[in-house]
Each structure stands twice: as structure tokens, then as C-alpha cells.
file protein_4.pdb (PDB, N, CA and C atoms)
MODEL        1
ATOM      1  N   MET A   1       0.441   3.913  27.671
ATOM      2  CA  MET A   1       1.133   4.413  26.491
ATOM      3  C   MET A   1       2.066   3.368  25.900
ATOM      4  N   SER A   2       2.739   2.617  26.772
ATOM      5  CA  SER A   2       3.697   1.650  26.257
ATOM      6  C   SER A   2       3.001   0.508  25.514
ATOM      7  N   VAL A   3       1.763   0.182  25.891
ATOM      8  CA  VAL A   3       1.034  -0.876  25.192
ATOM      9  C   VAL A   3       0.754  -0.449  23.754
ATOM     10  N   VAL A   4       0.389   0.805  23.572
ATOM     11  CA  VAL A   4       0.119   1.320  22.227
ATOM     12  C   VAL A   4       1.397   1.307  21.394
ATOM     13  N   LEU A   5       2.519   1.704  21.981
ATOM     14  CA  LEU A   5       3.792   1.692  21.259
ATOM     15  C   LEU A   5       4.166   0.277  20.832
ATOM     16  N   TRP A   6       4.036  -0.672  21.741
ATOM     17  CA  TRP A   6       4.424  -2.042  21.395
ATOM     18  C   TRP A   6       3.463  -2.663  20.387
ATOM     19  N   MET A   7       2.181  -2.317  20.456
ATOM     20  CA  MET A   7       1.240  -2.817  19.445
ATOM     21  C   MET A   7       1.591  -2.260  18.073
ATOM     22  N   THR A   8       2.019  -1.003  18.024
ATOM     23  CA  THR A   8       2.426  -0.401  16.764
ATOM     24  C   THR A   8       3.697  -1.055  16.235
ATOM     25  N   VAL A   9       4.627  -1.373  17.113
ATOM     26  CA  VAL A   9       5.853  -2.078  16.697
ATOM     27  C   VAL A   9       5.495  -3.445  16.111
ATOM     28  N   VAL A  10       4.563  -4.141  16.731
ATOM     29  CA  VAL A  10       4.149  -5.457  16.229
ATOM     30  C   VAL A  10       3.490  -5.314  14.853
ATOM     31  N   LEU A  11       2.651  -4.295  14.665
ATOM     32  CA  LEU A  11       2.018  -4.082  13.363
ATOM     33  C   LEU A  11       3.057  -3.747  12.288
ATOM     34  N   LEU A  12       4.022  -2.913  12.633
ATOM     35  CA  LEU A  12       5.075  -2.596  11.667
ATOM     36  C   LEU A  12       5.939  -3.814  11.358
ATOM     37  N   ALA A  13       6.190  -4.644  12.362
ATOM     38  CA  ALA A  13       6.955  -5.873  12.124
ATOM     39  C   ALA A  13       6.178  -6.812  11.200
ATOM     40  N   ALA A  14       4.872  -6.884  11.373
ATOM     41  CA  ALA A  14       4.057  -7.703  10.474
ATOM     42  C   ALA A  14       4.091  -7.141   9.056
ATOM     43  N   THR A  15       4.080  -5.821   8.946
ATOM     44  CA  THR A  15       4.184  -5.186   7.634
ATOM     45  C   THR A  15       5.510  -5.532   6.974
ATOM     46  N   ILE A  16       6.575  -5.538   7.753
ATOM     47  CA  ILE A  16       7.891  -5.888   7.216
ATOM     48  C   ILE A  16       7.903  -7.336   6.721
ATOM     49  N   LEU A  17       7.327  -8.246   7.499
ATOM     50  CA  LEU A  17       7.309  -9.654   7.090
ATOM     51  C   LEU A  17       6.491  -9.864   5.816
ATOM     52  N   VAL A  18       5.326  -9.231   5.732
ATOM     53  CA  VAL A  18       4.506  -9.346   4.523
ATOM     54  C   VAL A  18       5.236  -8.717   3.339
ATOM     55  N   GLY A  19       5.905  -7.600   3.582
ATOM     56  CA  GLY A  19       6.664  -6.943   2.519
ATOM     57  C   GLY A  19       7.801  -7.808   2.012
ATOM     58  N   LEU A  20       8.509  -8.477   2.914
ATOM     59  CA  LEU A  20       9.595  -9.355   2.487
ATOM     60  C   LEU A  20       9.065 -10.521   1.650
ATOM     61  N   PHE A  21       7.908 -11.038   2.029
ATOM     62  CA  PHE A  21       7.293 -12.090   1.212
ATOM     63  C   PHE A  21       6.925 -11.550  -0.165
ATOM     64  N   ARG A  22       6.400 -10.331  -0.198
ATOM     65  CA  ARG A  22       5.990  -9.743  -1.475
ATOM     66  C   ARG A  22       7.198  -9.441  -2.360
ATOM     67  N   ILE A  23       8.314  -9.059  -1.760
ATOM     68  CA  ILE A  23       9.528  -8.836  -2.548
ATOM     69  C   ILE A  23       9.938 -10.128  -3.249
ATOM     70  N   ALA A  24       9.799 -11.250  -2.548
ATOM     71  CA  ALA A  24      10.179 -12.530  -3.136
ATOM     72  C   ALA A  24       9.242 -12.951  -4.270
ATOM     73  N   THR A  25       7.989 -12.478  -4.243
ATOM     74  CA  THR A  25       7.018 -12.915  -5.251
ATOM     75  C   THR A  25       6.635 -11.823  -6.244
ATOM     76  N   ALA A  26       7.295 -10.682  -6.194
ATOM     77  CA  ALA A  26       6.936  -9.579  -7.094
ATOM     78  C   ALA A  26       7.290  -9.917  -8.534
ATOM     79  N   PRO A  27       6.433  -9.497  -9.489
ATOM     80  CA  PRO A  27       6.661  -9.872 -10.884
ATOM     81  C   PRO A  27       7.729  -9.053 -11.611
ATOM     82  N   ASP A  28       7.974  -7.822 -11.178
ATOM     83  CA  ASP A  28       8.918  -6.973 -11.908
ATOM     84  C   ASP A  28       9.766  -6.157 -10.931
ATOM     85  N   PRO A  29      10.878  -5.606 -11.410
ATOM     86  CA  PRO A  29      11.771  -4.844 -10.523
ATOM     87  C   PRO A  29      11.118  -3.599  -9.919
ATOM     88  N   ALA A  30      10.207  -2.963 -10.632
ATOM     89  CA  ALA A  30       9.564  -1.765 -10.083
ATOM     90  C   ALA A  30       8.716  -2.118  -8.861
ATOM     91  N   SER A  31       8.018  -3.224  -8.908
ATOM     92  CA  SER A  31       7.221  -3.656  -7.751
ATOM     93  C   SER A  31       8.122  -3.991  -6.565
ATOM     94  N   ARG A  32       9.238  -4.637  -6.849
ATOM     95  CA  ARG A  32      10.185  -4.945  -5.770
ATOM     96  C   ARG A  32      10.728  -3.668  -5.138
ATOM     97  N   ALA A  33      10.976  -2.659  -5.950
ATOM     98  CA  ALA A  33      11.505  -1.392  -5.434
ATOM     99  C   ALA A  33      10.491  -0.703  -4.525
ATOM    100  N   VAL A  34       9.246  -0.699  -4.933
ATOM    101  CA  VAL A  34       8.207  -0.046  -4.124
ATOM    102  C   VAL A  34       8.029  -0.773  -2.803
ATOM    103  N   VAL A  35       7.973  -2.091  -2.839
ATOM    104  CA  VAL A  35       7.805  -2.859  -1.609
ATOM    105  C   VAL A  35       9.064  -2.756  -0.747
ATOM    106  N   GLY A  36      10.226  -2.681  -1.380
ATOM    107  CA  GLY A  36      11.460  -2.476  -0.620
ATOM    108  C   GLY A  36      11.446  -1.161   0.145
ATOM    109  N   ASP A  37      10.905  -0.117  -0.479
ATOM    110  CA  ASP A  37      10.762   1.161   0.216
ATOM    111  C   ASP A  37       9.801   1.037   1.394
ATOM    112  N   LEU A  38       8.715   0.302   1.201
ATOM    113  CA  LEU A  38       7.770   0.079   2.290
ATOM    114  C   LEU A  38       8.450  -0.614   3.464
ATOM    115  N   VAL A  39       9.237  -1.635   3.178
ATOM    116  CA  VAL A  39       9.944  -2.365   4.228
ATOM    117  C   VAL A  39      10.958  -1.457   4.924
ATOM    118  N   PHE A  40      11.686  -0.671   4.136
ATOM    119  CA  PHE A  40      12.697   0.221   4.702
ATOM    120  C   PHE A  40      12.070   1.254   5.632
ATOM    121  N   PHE A  41      11.004   1.895   5.175
ATOM    122  CA  PHE A  41      10.400   2.932   6.001
ATOM    123  C   PHE A  41       9.612   2.353   7.173
ATOM    124  N   SER A  42       9.133   1.127   7.058
ATOM    125  CA  SER A  42       8.530   0.464   8.216
ATOM    126  C   SER A  42       9.596   0.174   9.270
ATOM    127  N   ALA A  43      10.782  -0.228   8.822
ATOM    128  CA  ALA A  43      11.882  -0.465   9.759
ATOM    129  C   ALA A  43      12.294   0.830  10.450
ATOM    130  N   ILE A  44      12.269   1.930   9.721
ATOM    131  CA  ILE A  44      12.564   3.224  10.343
ATOM    132  C   ILE A  44      11.507   3.555  11.389
ATOM    133  N   GLY A  45      10.259   3.225  11.094
ATOM    134  CA  GLY A  45       9.189   3.427  12.073
ATOM    135  C   GLY A  45       9.413   2.620  13.340
ATOM    136  N   VAL A  46       9.894   1.397  13.184
ATOM    137  CA  VAL A  46      10.198   0.575  14.354
ATOM    138  C   VAL A  46      11.322   1.214  15.165
ATOM    139  N   ILE A  47      12.342   1.723  14.494
ATOM    140  CA  ILE A  47      13.458   2.377  15.189
ATOM    141  C   ILE A  47      12.955   3.593  15.973
ATOM    142  N   VAL A  48      12.080   4.379  15.359
ATOM    143  CA  VAL A  48      11.543   5.565  16.040
ATOM    144  C   VAL A  48      10.727   5.159  17.265
ATOM    145  N   LEU A  49       9.887   4.148  17.108
ATOM    146  CA  LEU A  49       9.050   3.734  18.232
ATOM    147  C   LEU A  49       9.868   3.160  19.379
ATOM    148  N   VAL A  50      10.882   2.374  19.060
ATOM    149  CA  VAL A  50      11.748   1.857  20.120
ATOM    150  C   VAL A  50      12.518   3.004  20.770
ATOM    151  N   GLY A  51      12.933   3.986  19.968
ATOM    152  CA  GLY A  51      13.592   5.167  20.526
ATOM    153  C   GLY A  51      12.676   5.961  21.440
ATOM    154  N   LEU A  52      11.395   6.052  21.088
ATOM    155  CA  LEU A  52      10.432   6.724  21.965
ATOM    156  C   LEU A  52      10.225   5.944  23.259
ATOM    157  N   PHE A  53      10.165   4.632  23.144
ATOM    158  CA  PHE A  53       9.963   3.803  24.329
ATOM    159  C   PHE A  53      11.151   3.898  25.275
ATOM    160  N   LYS A  54      12.347   3.903  24.729
ATOM    161  CA  LYS A  54      13.565   3.976  25.548
ATOM    162  C   LYS A  54      13.976   5.417  25.856
ATOM    163  N   GLU A  55      13.217   6.374  25.326
ATOM    164  CA  GLU A  55      13.509   7.806  25.493
ATOM    165  C   GLU A  55      14.915   8.146  25.003
ATOM    166  N   SER A  56      15.218   7.703  23.785
ATOM    167  CA  SER A  56      16.537   7.906  23.194
ATOM    168  C   SER A  56      16.427   8.905  22.040
ATOM    169  N   ALA A  57      17.061  10.043  22.202
ATOM    170  CA  ALA A  57      17.067  11.049  21.141
ATOM    171  C   ALA A  57      17.951  10.604  19.979
ATOM    172  N   ALA A  58      18.955   9.805  20.262
ATOM    173  CA  ALA A  58      19.859   9.343  19.202
ATOM    174  C   ALA A  58      19.133   8.453  18.200
ATOM    175  N   ALA A  59      18.194   7.643  18.668
ATOM    176  CA  ALA A  59      17.448   6.770  17.759
ATOM    177  C   ALA A  59      16.585   7.598  16.817
ATOM    178  N   VAL A  60      15.993   8.651  17.312
ATOM    179  CA  VAL A  60      15.168   9.513  16.468
ATOM    180  C   VAL A  60      16.038  10.250  15.458
ATOM    181  N   ASP A  61      17.204  10.713  15.885
ATOM    182  CA  ASP A  61      18.123  11.368  14.957
ATOM    183  C   ASP A  61      18.602  10.402  13.878
ATOM    184  N   ALA A  62      18.915   9.179  14.273
ATOM    185  CA  ALA A  62      19.344   8.174  13.289
ATOM    186  C   ALA A  62      18.220   7.869  12.304
ATOM    187  N   ALA A  63      16.991   7.838  12.777
ATOM    188  CA  ALA A  63      15.855   7.586  11.889
ATOM    189  C   ALA A  63      15.659   8.737  10.907
ATOM    190  N   LEU A  64      15.883   9.963  11.339
ATOM    191  CA  LEU A  64      15.767  11.105  10.427
ATOM    192  C   LEU A  64      16.824  11.030   9.323
ATOM    193  N   ILE A  65      18.042  10.700   9.686
ATOM    194  CA  ILE A  65      19.100  10.576   8.686
ATOM    195  C   ILE A  65      18.801   9.419   7.738
ATOM    196  N   ALA A  66      18.337   8.296   8.278
ATOM    197  CA  ALA A  66      18.000   7.148   7.434
ATOM    198  C   ALA A  66      16.846   7.478   6.487
ATOM    199  N   SER A  67      15.902   8.297   6.929
ATOM    200  CA  SER A  67      14.786   8.692   6.064
ATOM    201  C   SER A  67      15.269   9.503   4.878
ATOM    202  N   VAL A  68      16.166  10.435   5.130
ATOM    203  CA  VAL A  68      16.711  11.239   4.035
ATOM    204  C   VAL A  68      17.479  10.353   3.052
ATOM    205  N   LEU A  69      18.284   9.449   3.583
ATOM    206  CA  LEU A  69      19.025   8.534   2.707
ATOM    207  C   LEU A  69      18.084   7.601   1.950
ATOM    208  N   GLY A  70      16.996   7.194   2.572
ATOM    209  CA  GLY A  70      16.021   6.343   1.904
ATOM    210  C   GLY A  70      15.335   7.045   0.751
ATOM    211  N   ILE A  71      15.031   8.314   0.932
ATOM    212  CA  ILE A  71      14.411   9.084  -0.149
ATOM    213  C   ILE A  71      15.389   9.231  -1.310
ATOM    214  N   LEU A  72      16.650   9.518  -0.998
ATOM    215  CA  LEU A  72      17.654   9.626  -2.060
ATOM    216  C   LEU A  72      17.849   8.298  -2.785
ATOM    217  N   ALA A  73      17.823   7.202  -2.052
ATOM    218  CA  ALA A  73      17.963   5.885  -2.680
ATOM    219  C   ALA A  73      16.765   5.580  -3.574
ATOM    220  N   THR A  74      15.584   6.003  -3.160
ATOM    221  CA  THR A  74      14.396   5.797  -3.981
ATOM    222  C   THR A  74      14.500   6.559  -5.291
ATOM    223  N   VAL A  75      14.944   7.790  -5.229
ATOM    224  CA  VAL A  75      15.102   8.592  -6.445
ATOM    225  C   VAL A  75      16.165   7.974  -7.351
ATOM    226  N   ALA A  76      17.267   7.523  -6.764
ATOM    227  CA  ALA A  76      18.324   6.912  -7.567
ATOM    228  C   ALA A  76      17.843   5.622  -8.225
ATOM    229  N   LEU A  77      17.095   4.817  -7.495
ATOM    230  CA  LEU A  77      16.583   3.575  -8.071
ATOM    231  C   LEU A  77      15.572   3.850  -9.172
ATOM    232  N   ALA A  78      14.762   4.874  -9.007
ATOM    233  CA  ALA A  78      13.810   5.242 -10.060
ATOM    234  C   ALA A  78      14.553   5.667 -11.330
ATOM    235  N   ARG A  79      15.635   6.390 -11.154
ATOM    236  CA  ARG A  79      16.443   6.790 -12.323
ATOM    237  C   ARG A  79      17.060   5.567 -13.003
ATOM    238  N   ILE A  80      17.500   4.614 -12.231
ATOM    239  CA  ILE A  80      18.091   3.403 -12.808
ATOM    240  C   ILE A  80      17.037   2.599 -13.551
ATOM    241  N   LEU A  81      15.853   2.442 -12.945
ATOM    242  CA  LEU A  81      14.811   1.638 -13.578
ATOM    243  C   LEU A  81      14.277   2.273 -14.849
ATOM    244  N   THR A  82      14.270   3.604 -14.906
ATOM    245  CA  THR A  82      13.786   4.285 -16.107
ATOM    246  C   THR A  82      14.903   4.559 -17.088
ATOM    247  N   ARG A  83      16.111   4.120 -16.756
ATOM    248  CA  ARG A  83      17.301   4.316 -17.577
ATOM    249  C   ARG A  83      17.559   5.792 -17.872
ATOM    250  N   GLY A  84      17.297   6.651 -16.900
ATOM    251  CA  GLY A  84      17.606   8.066 -17.008
ATOM    252  C   GLY A  84      16.588   8.904 -17.747
ATOM    253  N   ARG A  85      15.504   8.293 -18.249
ATOM    254  CA  ARG A  85      14.496   9.083 -18.934
ATOM    255  C   ARG A  85      13.737   9.942 -17.942
ATOM    256  N   ARG A  86      13.321  11.118 -18.380
ATOM    257  CA  ARG A  86      12.547  11.987 -17.494
ATOM    258  C   ARG A  86      11.116  12.024 -17.887
TER     259      ARG A  86
ENDMDL
END
call {"tool": "encode", "arguments": {"input": "protein_4.pdb", "output": "C-alpha cells"}}
result
Amino acid sequence: MSVVLWMTVVLLAATILVGLFRIATAPDPASRAVVGDLVFFSAIGVIVLVGLFKESAAAVDAALIASVLGILATVALARILTRGRR
């Protein structure tokens, strides 16, 4: 089981690295925002997997709170990019 968890952590870490490269080369702010969300939620996935490996309930709770805050940040950024239009 631990091999599968660590392989998943490595895949998520690779996703984060590719995402950071894409943020640097994105053509517009909307693309950067989408890739930033991908990087953020991949990092949350890493936190959850490490919490599962270490059997830490606090890490899973922190990831749940970070997920809610990430969704709110995404909505706020979308409002900023669209200048409040609905």
C-alpha cells in the first residue's frame, strides 16, 4: 500500500512542477489562474497522501479546510478577472 501512496505523491509532485512551468509560460491571466488552481489542489492531494501515510487525521482536516478556501479563492479570482460581470 505504501508503494502506491508514494508513487501517487511522485505523480502529483510532477504535476506541480509541470504546472509551475506552465504558469511561467501562460499567455494570459485566466490560464495562469486555472493552472494555479491545478497546482494548489495537487499540493492538497500531496498533503492528504502524506497524512494517510503517517496516519494523521490533522493533515486530512487541514486539507479539507484548504480545499474550501481554494474554492473560495477561485471564485474570487474569477470575479476579479471578469471585472464583476455575471
call {"tool": "atom_distance", "arguments": {"input": "protein_4.pdb", "atom1": "atom C of Leu52 of chain A", "atom2": "atom CA of Leu20 of chain A"}}
result
25.8 Å
call {"tool": "closest_residue", "arguments": {"input": "protein_4.pdb", "among": "A:Val39, A:Leu49, A:Ala63, A:Leu81", "to": "Val18 of chain A", "atoms": "all atoms listed in the file"}}
result
A:Val39
call {"tool": "atom_distance", "arguments": {"input": "protein_4.pdb", "atom1": "atom CA of Thr15 of chain A", "atom2": "atom CA of Thr74 of chain A"}}
result
19.0 Å
call {"tool": "atom_distance", "arguments": {"input": "protein_4.pdb", "atom1": "atom C of Ala30 of chain A", "atom2": "atom N of Ala78 of chain A"}}
result
9.2 Å
call {"tool": "residues_around", "arguments": {"input": "protein_4.pdb", "residues": "Ile44 of chain A", "least_positions_apart": "5", "cutoff": "12 Å", "atoms": "only C-alpha atoms", "output": "PyMOL selection string"}}
result
chain A and resi 9+12-13+16+37-39+49-51+59-70
